[in-house]
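S.K.: Dropping in coords-v4.cif, which is mmCIF, C-alpha atoms:
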```
data_my_file
#
loop_
_atom_site.label_atom_id
_atom_site.label_comp_id
_atom_site.auth_asym_id
_atom_site.auth_seq_id
_atom_site.Cartn_x
_atom_site.Cartn_y
_atom_site.Cartn_z
CA MET A 17 -44.94 67.55 -57.63
CA LYS A 18 -48.42 68.75 -58.54
CA LEU A 19 -48.32 66.83 -61.82
CA ARG A 20 -47.28 63.70 -59.95
CA ALA A 21 -50.22 64.06 -57.57
CA ILE A 22 -52.62 64.52 -60.51
CA LEU A 23 -51.28 61.43 -62.28
CA LEU A 24 -51.50 59.43 -59.07
CA ASN A 25 -55.13 60.49 -58.55
CA LEU A 26 -55.95 59.61 -62.15
CA ALA A 27 -54.34 56.19 -61.76
CA VAL A 28 -56.27 55.54 -58.53
CA GLY A 29 -59.50 56.67 -60.19
CA PHE A 30 -58.88 54.41 -63.18
CA ILE A 31 -58.22 51.40 -60.95
CA ALA A 32 -61.37 52.19 -58.93
CA ILE A 33 -63.43 52.23 -62.13
CA ILE A 34 -62.02 48.85 -63.18
CA VAL A 35 -62.81 47.37 -59.76
CA LEU A 36 -66.30 48.87 -59.46
CA PHE A 37 -67.46 48.31 -63.04
CA PRO A 38 -68.43 44.62 -62.60
CA LEU A 39 -70.45 45.49 -59.49
CA VAL A 40 -72.21 48.38 -61.21
CA TRP A 41 -72.97 46.24 -64.26
CA MET A 42 -74.27 43.46 -62.02
CA VAL A 43 -76.75 45.86 -60.43
CA SER A 44 -77.73 47.26 -63.84
CA VAL A 45 -78.37 43.81 -65.34
CA SER A 46 -80.52 42.81 -62.37
CA PHE A 47 -83.03 45.50 -63.40
CA MET A 48 -83.14 44.45 -67.08
CA ALA A 49 -85.97 42.50 -68.69
CA THR A 50 -85.42 38.79 -69.28
CA GLY A 51 -83.01 38.18 -72.16
CA GLU A 52 -81.91 41.80 -72.50
CA ALA A 53 -78.37 41.11 -71.26
CA ALA A 54 -77.89 38.09 -73.54
CA VAL A 55 -77.22 40.16 -76.68
CA PHE A 56 -73.77 41.16 -77.91
CA PRO A 57 -72.47 43.63 -77.03
CA PRO A 58 -74.40 43.60 -73.74
CA PRO A 59 -76.07 46.90 -72.82
CA LEU A 60 -74.73 48.92 -69.93
CA LEU A 61 -78.13 50.17 -68.77
CA PRO A 62 -81.60 48.60 -69.00
CA SER A 63 -83.93 49.99 -71.63
CA HIS A 64 -86.83 49.52 -69.21
CA TRP A 65 -86.15 49.19 -65.48
CA THR A 66 -88.00 46.32 -63.84
CA LEU A 67 -88.15 44.58 -60.47
CA GLU A 68 -89.54 41.32 -61.88
CA HIS A 69 -86.41 39.32 -61.04
CA TYR A 70 -86.36 40.45 -57.43
CA ARG A 71 -90.05 39.60 -57.12
CA ASP A 72 -89.36 36.20 -58.65
CA LEU A 73 -86.52 35.54 -56.20
CA PHE A 74 -88.56 36.30 -53.10
CA LEU A 75 -92.00 35.11 -54.21
CA ASN A 76 -91.11 31.98 -56.20
CA GLN A 77 -87.52 30.98 -55.41
CA GLY A 78 -87.59 31.24 -51.61
CA MET A 79 -84.80 33.80 -51.45
CA GLY A 80 -86.21 35.29 -48.24
CA ARG A 81 -85.64 31.97 -46.45
CA TYR A 82 -82.05 31.73 -47.69
CA LEU A 83 -81.41 35.35 -46.74
CA TRP A 84 -82.62 34.65 -43.21
CA ASN A 85 -80.44 31.51 -43.00
CA SER A 86 -77.36 33.49 -44.01
CA PHE A 87 -78.09 36.30 -41.57
CA ALA A 88 -78.75 33.91 -38.68
CA LEU A 89 -75.63 31.83 -39.30
CA ALA A 90 -73.36 34.86 -39.87
CA ILE A 91 -74.57 36.66 -36.74
CA LEU A 92 -74.32 33.55 -34.56
CA ALA A 93 -70.89 32.71 -36.00
CA THR A 94 -69.67 36.23 -35.23
CA ILE A 95 -70.98 36.18 -31.66
CA LEU A 96 -69.55 32.73 -30.92
CA ALA A 97 -66.20 33.50 -32.55
CA LEU A 98 -65.78 36.72 -30.57
CA GLY A 99 -66.93 35.01 -27.38
CA PHE A 100 -64.23 32.34 -27.66
CA THR A 101 -61.42 34.15 -29.49
CA VAL A 102 -61.23 37.50 -27.69
CA PRO A 103 -60.75 36.07 -24.17
CA ALA A 104 -58.31 33.48 -25.52
CA GLY A 105 -56.26 36.10 -27.37
CA TYR A 106 -56.12 38.27 -24.26
CA ALA A 107 -55.07 35.29 -22.15
CA PHE A 108 -52.22 34.42 -24.51
CA ALA A 109 -51.07 38.04 -24.45
CA LYS A 110 -51.31 39.01 -20.77
CA LEU A 111 -52.02 36.04 -18.52
CA LYS A 112 -49.25 33.71 -17.41
CA PHE A 113 -49.88 29.96 -17.45
CA ALA A 114 -47.77 26.87 -18.00
CA GLY A 115 -46.89 26.14 -21.63
CA ARG A 116 -48.33 29.42 -22.94
CA GLU A 117 -45.60 30.21 -25.46
CA ARG A 118 -45.19 26.62 -26.65
CA LEU A 119 -48.95 26.21 -27.13
CA PHE A 120 -49.20 29.49 -29.01
CA GLN A 121 -46.32 28.51 -31.30
CA LEU A 122 -48.07 25.21 -32.01
CA LEU A 123 -51.30 27.02 -32.89
CA VAL A 124 -49.52 29.48 -35.17
CA ALA A 125 -47.74 26.59 -36.91
CA ALA A 126 -51.16 25.07 -37.63
CA LEU A 127 -51.99 28.14 -39.74
CA VAL A 128 -50.02 26.66 -42.63
CA VAL A 129 -52.30 23.58 -42.72
CA PRO A 130 -55.06 24.05 -45.35
CA ALA A 131 -58.51 24.14 -43.80
CA GLN A 132 -59.82 21.69 -46.41
CA ILE A 133 -57.72 18.91 -44.87
CA GLY A 134 -59.86 18.92 -41.76
CA THR A 135 -63.18 19.01 -43.63
CA LEU A 136 -63.69 15.24 -43.88
CA PRO A 137 -62.69 14.38 -40.26
CA LEU A 138 -64.88 17.23 -38.99
CA PHE A 139 -67.83 16.06 -41.10
CA LEU A 140 -67.50 12.48 -39.86
CA MET A 141 -67.25 13.66 -36.26
CA LEU A 142 -70.36 15.84 -36.59
CA LYS A 143 -72.19 13.00 -38.34
CA SER A 144 -71.53 10.71 -35.38
CA MET A 145 -72.91 13.46 -33.12
CA GLY A 146 -76.05 13.90 -35.24
CA LEU A 147 -75.23 17.47 -36.23
CA VAL A 148 -75.34 17.05 -40.02
CA ASN A 149 -77.98 19.29 -41.65
CA THR A 150 -78.20 21.50 -38.57
CA TYR A 151 -77.23 25.08 -37.89
CA ALA A 152 -75.07 23.88 -35.00
CA GLY A 153 -73.01 21.79 -37.40
CA ALA A 154 -72.64 24.73 -39.78
CA LEU A 155 -71.38 26.92 -36.92
CA VAL A 156 -68.70 24.59 -35.56
CA PRO A 157 -65.81 25.77 -37.82
CA TRP A 158 -66.43 29.36 -36.70
CA LEU A 159 -66.32 28.75 -32.95
CA ALA A 160 -62.67 29.82 -32.83
CA SER A 161 -60.02 30.52 -35.41
CA ILE A 162 -56.26 30.52 -35.00
CA PHE A 163 -55.99 33.63 -37.16
CA GLY A 164 -58.49 35.47 -34.97
CA LEU A 165 -56.65 34.40 -31.83
CA PHE A 166 -53.37 35.62 -33.31
CA LEU A 167 -54.96 38.92 -34.34
CA VAL A 168 -56.40 39.61 -30.88
CA ARG A 169 -53.20 38.54 -29.12
CA GLN A 170 -51.02 40.85 -31.17
CA TYR A 171 -53.30 43.79 -30.44
CA ALA A 172 -53.67 42.90 -26.75
CA LEU A 173 -49.88 43.02 -26.34
CA SER A 174 -50.17 46.82 -26.67
CA ILE A 175 -52.18 47.05 -23.41
CA PRO A 176 -49.80 48.40 -20.72
CA ASP A 177 -49.11 45.90 -17.95
CA GLU A 178 -49.11 48.81 -15.49
CA MET A 179 -52.77 49.52 -16.25
CA LEU A 180 -53.75 45.93 -15.52
CA GLU A 181 -51.67 45.82 -12.34
CA ALA A 182 -53.23 49.07 -11.13
CA ALA A 183 -56.70 47.55 -11.59
CA ARG A 184 -55.64 44.45 -9.63
CA ILE A 185 -54.24 46.61 -6.82
CA ASP A 186 -57.57 48.44 -6.67
CA GLY A 187 -59.24 45.11 -6.00
CA ALA A 188 -60.71 44.37 -9.41
CA SER A 189 -61.16 40.71 -10.30
CA GLU A 190 -59.86 39.28 -13.57
CA GLY A 191 -63.39 39.27 -14.93
CA GLN A 192 -63.89 42.95 -14.05
CA ILE A 193 -60.52 43.84 -15.58
CA PHE A 194 -61.47 42.04 -18.77
CA ARG A 195 -64.90 43.70 -19.02
CA ARG A 196 -64.01 47.24 -17.94
CA VAL A 197 -60.40 47.67 -19.08
CA VAL A 198 -59.55 45.14 -21.78
CA LEU A 199 -62.73 45.07 -23.88
CA PRO A 200 -62.90 48.89 -24.39
CA THR A 201 -59.23 48.89 -25.36
CA LEU A 202 -59.74 46.01 -27.82
CA GLN A 203 -62.76 47.61 -29.51
CA PRO A 204 -61.06 48.30 -32.89
CA ILE A 205 -59.70 44.77 -33.22
CA ILE A 206 -62.99 43.27 -32.03
CA VAL A 207 -64.83 45.09 -34.80
CA THR A 208 -62.16 44.04 -37.29
CA LEU A 209 -62.36 40.39 -36.26
CA GLY A 210 -66.14 40.53 -36.20
CA LEU A 211 -66.14 41.79 -39.78
CA PHE A 212 -63.74 39.05 -40.84
CA VAL A 213 -65.92 36.35 -39.31
CA PHE A 214 -69.22 37.80 -40.55
CA LEU A 215 -67.95 38.21 -44.12
CA GLY A 216 -66.27 34.81 -44.07
CA SER A 217 -69.33 32.95 -42.78
CA TRP A 218 -71.67 34.90 -45.09
CA ASN A 219 -69.60 34.10 -48.17
CA ASP A 220 -68.68 30.54 -47.18
CA PHE A 221 -69.79 28.04 -49.81
CA LEU A 222 -67.95 24.74 -49.28
CA TRP A 223 -68.82 23.92 -45.67
CA PRO A 224 -72.57 24.80 -45.87
CA LEU A 225 -72.73 22.81 -49.11
CA ILE A 226 -71.29 19.78 -47.29
CA ILE A 227 -73.08 19.99 -43.95
CA LEU A 228 -76.53 21.32 -44.97
CA THR A 229 -78.34 18.69 -47.02
CA ASP A 230 -81.87 20.07 -46.77
CA GLN A 231 -82.57 22.81 -49.32
CA SER A 232 -84.62 24.79 -46.80
CA ASN A 233 -81.43 25.22 -44.73
CA TYR A 234 -79.30 26.53 -47.61
CA THR A 235 -77.40 29.78 -47.23
CA LEU A 236 -77.37 32.37 -50.00
CA PRO A 237 -74.17 31.23 -51.80
CA VAL A 238 -75.34 27.60 -51.87
CA ALA A 239 -78.88 28.56 -52.89
CA LEU A 240 -77.56 30.82 -55.65
CA ALA A 241 -75.38 28.00 -57.01
CA ALA A 242 -78.38 25.65 -57.00
CA LEU A 243 -80.51 28.30 -58.68
CA SER A 244 -77.91 28.83 -61.40
CA ARG A 245 -78.19 25.18 -62.41
CA GLU A 246 -81.93 25.55 -62.94
CA HIS A 247 -81.83 28.99 -64.58
CA VAL A 248 -78.45 28.94 -66.32
CA GLN A 249 -79.73 31.05 -69.23
CA ASP A 250 -81.50 33.65 -67.08
CA ILE A 251 -78.60 36.08 -66.62
CA GLU A 252 -80.80 38.82 -65.19
CA LEU A 253 -82.21 36.57 -62.47
CA MET A 254 -78.71 35.41 -61.52
CA MET A 255 -77.49 39.00 -61.27
CA ALA A 256 -80.44 39.87 -59.03
CA GLY A 257 -79.49 36.95 -56.78
CA ALA A 258 -75.89 38.14 -56.73
CA VAL A 259 -77.02 41.63 -55.71
CA VAL A 260 -79.07 40.20 -52.84
CA THR A 261 -76.02 38.20 -51.74
CA VAL A 262 -73.45 41.01 -52.00
CA ALA A 263 -75.46 44.06 -50.87
CA PRO A 264 -75.80 43.29 -47.10
CA VAL A 265 -72.10 42.60 -46.52
CA LEU A 266 -71.07 45.56 -48.67
CA ILE A 267 -73.30 47.89 -46.65
CA LEU A 268 -71.96 46.43 -43.40
CA PHE A 269 -68.36 46.89 -44.47
CA LEU A 270 -68.92 50.49 -45.56
CA ALA A 271 -70.66 51.27 -42.26
CA LEU A 272 -67.82 49.82 -40.15
CA GLN A 273 -64.81 50.50 -42.36
CA ARG A 274 -63.51 53.22 -40.03
CA TYR A 275 -63.18 50.74 -37.15
CA TYR A 276 -61.84 48.06 -39.49
CA ILE A 277 -59.05 50.27 -40.84
CA ARG A 278 -58.20 51.55 -37.37
CA GLY A 279 -57.97 48.02 -36.04
CA MET A 280 -55.76 46.81 -38.89
CA LEU A 281 -53.41 49.79 -38.70
CA ALA A 282 -53.14 49.72 -34.92
CA GLY A 283 -52.55 45.98 -34.93
CA SER A 284 -49.79 46.28 -37.51
CA VAL A 285 -48.04 49.09 -35.64
CA LYS A 286 -48.40 47.87 -32.06
CA GLY A 287 -48.20 44.13 -32.67
#
```
When written as structure tokens, how does the structure in this file appear?
M.R.:
Amino acid sequence: MKLRAILLNLAVGFIAIIVLFPLVWMVSVSFMATGEAAVFPPPLLPSHWTLEHYRDLFLNQGMGRYLWNSFALAILATILALGFTVPAGYAFAKLKFAGRERLFQLLVAALVVPAQIGTLPLFLMLKSMGLVNTYAGALVPWLASIFGLFLVRQYALSIPDEMLEAARIDGASEGQIFRRVVLPTLQPIIVTLGLFVFLGSWNDFLWPLIILTDQSNYTLPVALAALSREHVQDIELMMAGAVVTVAPVLILFLALQRYYIRGMLAGSVKG
């Protein structure tokens, strides 16, 4: 049994090294001098550590502007998504209204429809509304997601009906029940959904590429793709841009992973 545990730990460690190696090498290359990573075999560590590529990104390539765009859009998308999805998920789980089950089944069935199918109709609709090349247009797909609604609903089903009825008997309004009873109970799944939305909007490439035509409005993934076309041979600069793109969301995930894991496990058990 002890040997089995040792082998299992070694296997997990080996897989972790395989997964982490590209990220570690990406960070290492970003500190190399120009052209140092273009040799074969590529070095694992820089011979002379330098910050020239990060300075170039923020001083000459406008990376600070793109970083701000990504942060603003991701934060707004998260707030709006939670504001619409959490009350809707709770309503589908605990409030009775006509056609609730049939409407929810219809929404769940729509999950199998690829999101790309709605891209063109949505773009044309936003164009007619004058929202192309605006942050508002970039935020529209994140206002509410069927997956998020399903996630919140499944978790909200675990809230005891007796607790809600007791609050109603005590004279609490539906708004007070939602704020004081439901939201604290849903905290793990709210954090989980918030992480999903933030990471998804931060990493989204296709929709910002379509809707944001002005380069000053680019998000980091779009700006990095545009930069790669101009500096295709500058591997070190591209790796520095990738580090700037990946680091914030990686730090956020590591800081909130406890809530994320709790929300996923609780949702899978209680849903």
S.K.: If you measure from atom CA of A:Leu243 to atom CA of A:Gln77, what distance in Å do you get, rounded to one decimal?
M.R.: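 Distance between the two atoms: 8.2 Å.
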S.K.: Rounded to one decimal place, report the atom CA of A:Asn76-atom CA of A:Leu89 distance in Å.
M.R.: 22.9 Å
S.K.: Let me know the residues the PyMOL selection byres ((chain A and resi 221) around 6) catches in the file above, as a list in words.
M.R.: Asp220, Leu222, Trp223, Pro224, Pro237 and Val238 of chain A
S.K.: Might you pull out every residue within 12 Å of stretch 193-199 of chain A, with all atoms listed in the file counted and same-chain residues fewer than 3 positions away left off, and present them as a count of residues only?
M.R.: 39
S.K.: Suppose a student applies the PyMOL selection byres ((chain A and resi 230) around 12) to this structure; what residues should they get, written as a tab-separated table (two decimals) with C-alpha atoms, keeping the file's coordinate frame?
M.R.:
```tsv
chain	number	residue	atom	x	y	z
A	82	TYR	CA	-82.05	31.73	-47.69
A	148	VAL	CA	-75.34	17.05	-40.02
A	149	ASN	CA	-77.98	19.29	-41.65
A	150	THR	CA	-78.20	21.50	-38.57
A	151	TYR	CA	-77.23	25.08	-37.89
A	224	PRO	CA	-72.57	24.80	-45.87
A	225	LEU	CA	-72.73	22.81	-49.11
A	226	ILE	CA	-71.29	19.78	-47.29
A	227	ILE	CA	-73.08	19.99	-43.95
A	228	LEU	CA	-76.53	21.32	-44.97
A	229	THR	CA	-78.34	18.69	-47.02
A	231	GLN	CA	-82.57	22.81	-49.32
A	232	SER	CA	-84.62	24.79	-46.80
A	233	ASN	CA	-81.43	25.22	-44.73
A	234	TYR	CA	-79.30	26.53	-47.61
A	235	THR	CA	-77.40	29.78	-47.23
A	238	VAL	CA	-75.34	27.60	-51.87
A	239	ALA	CA	-78.88	28.56	-52.89
```
S.K.: Can you work out which one of A:Gly257, A:Thr101, A:Thr208, A:Glu246 has the shortest atom-to-atom distance to A:Arg274, counting all atoms listed in the file?
M.R.: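 Among A:Gly257, A:Thr101, A:Thr208, A:Glu246, it is A:Thr208 that comes nearest to A:Arg274.
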S.K.: Mind working out the centre and edge lengths of an axis-aligned box for stretch 112-115 of chain A, all listed atoms inside, 4 Å added to each side, rounded to one decimal in Å and written as JSON?
M.R.:
```
{"center_x": -48.4, "center_y": 29.9, "center_z": -19.5, "size_x": 11.0, "size_y": 15.6, "size_z": 12.2}
```
S.K.: Distance cut-off 12 Å, centre (-56.6, 31.0, -37.2) in file coordinates, counting only C-alpha atoms: which residues qualify? Return them as a compact mmCIF listing (two decimals) with C-alpha atoms, in the coordinates of the input.
M.R.:
```
# COMPACT_ATOMS: atom_id res chain seq x y z
CA ALA A 97 -66.20 33.50 -32.55
CA THR A 101 -61.42 34.15 -29.49
CA GLY A 105 -56.26 36.10 -27.37
CA PHE A 120 -49.20 29.49 -29.01
CA LEU A 122 -48.07 25.21 -32.01
CA LEU A 123 -51.30 27.02 -32.89
CA VAL A 124 -49.52 29.48 -35.17
CA ALA A 125 -47.74 26.59 -36.91
CA ALA A 126 -51.16 25.07 -37.63
CA LEU A 127 -51.99 28.14 -39.74
CA VAL A 128 -50.02 26.66 -42.63
CA VAL A 129 -52.30 23.58 -42.72
CA PRO A 130 -55.06 24.05 -45.35
CA ALA A 131 -58.51 24.14 -43.80
CA PRO A 157 -65.81 25.77 -37.82
CA TRP A 158 -66.43 29.36 -36.70
CA LEU A 159 -66.32 28.75 -32.95
CA ALA A 160 -62.67 29.82 -32.83
CA SER A 161 -60.02 30.52 -35.41
CA ILE A 162 -56.26 30.52 -35.00
CA PHE A 163 -55.99 33.63 -37.16
CA GLY A 164 -58.49 35.47 -34.97
CA LEU A 165 -56.65 34.40 -31.83
CA PHE A 166 -53.37 35.62 -33.31
CA LEU A 167 -54.96 38.92 -34.34
CA VAL A 168 -56.40 39.61 -30.88
CA ARG A 169 -53.20 38.54 -29.12
CA LEU A 209 -62.36 40.39 -36.26
CA PHE A 212 -63.74 39.05 -40.84
CA VAL A 213 -65.92 36.35 -39.31
```
S.K.: Can you measure atom CA of A:Ala93 to atom CA of A:Ser217 for me? One decimal in Å is fine.
M.R.: 7.0 Å
S.K.: Please evaluate the PyMOL selection byres ((chain A and resi 67) around 10) against the structure above and give the resulting residues as a PyMOL selection string.
M.R.: chain A and resi 46-49+65-66+68-72+256
S.K.: Can you tell me which residues surround A:Leu266 at a distance of at most 12 Å, considering only C-alpha atoms, apart from same-chain residues fewer than 3 positions away, and format the answer as JSON, numbers by chain?
M.R.: {"A": [39, 211, 214, 215, 218, 219, 258, 259, 260, 261, 262, 263, 269, 270, 271, 272, 273]}
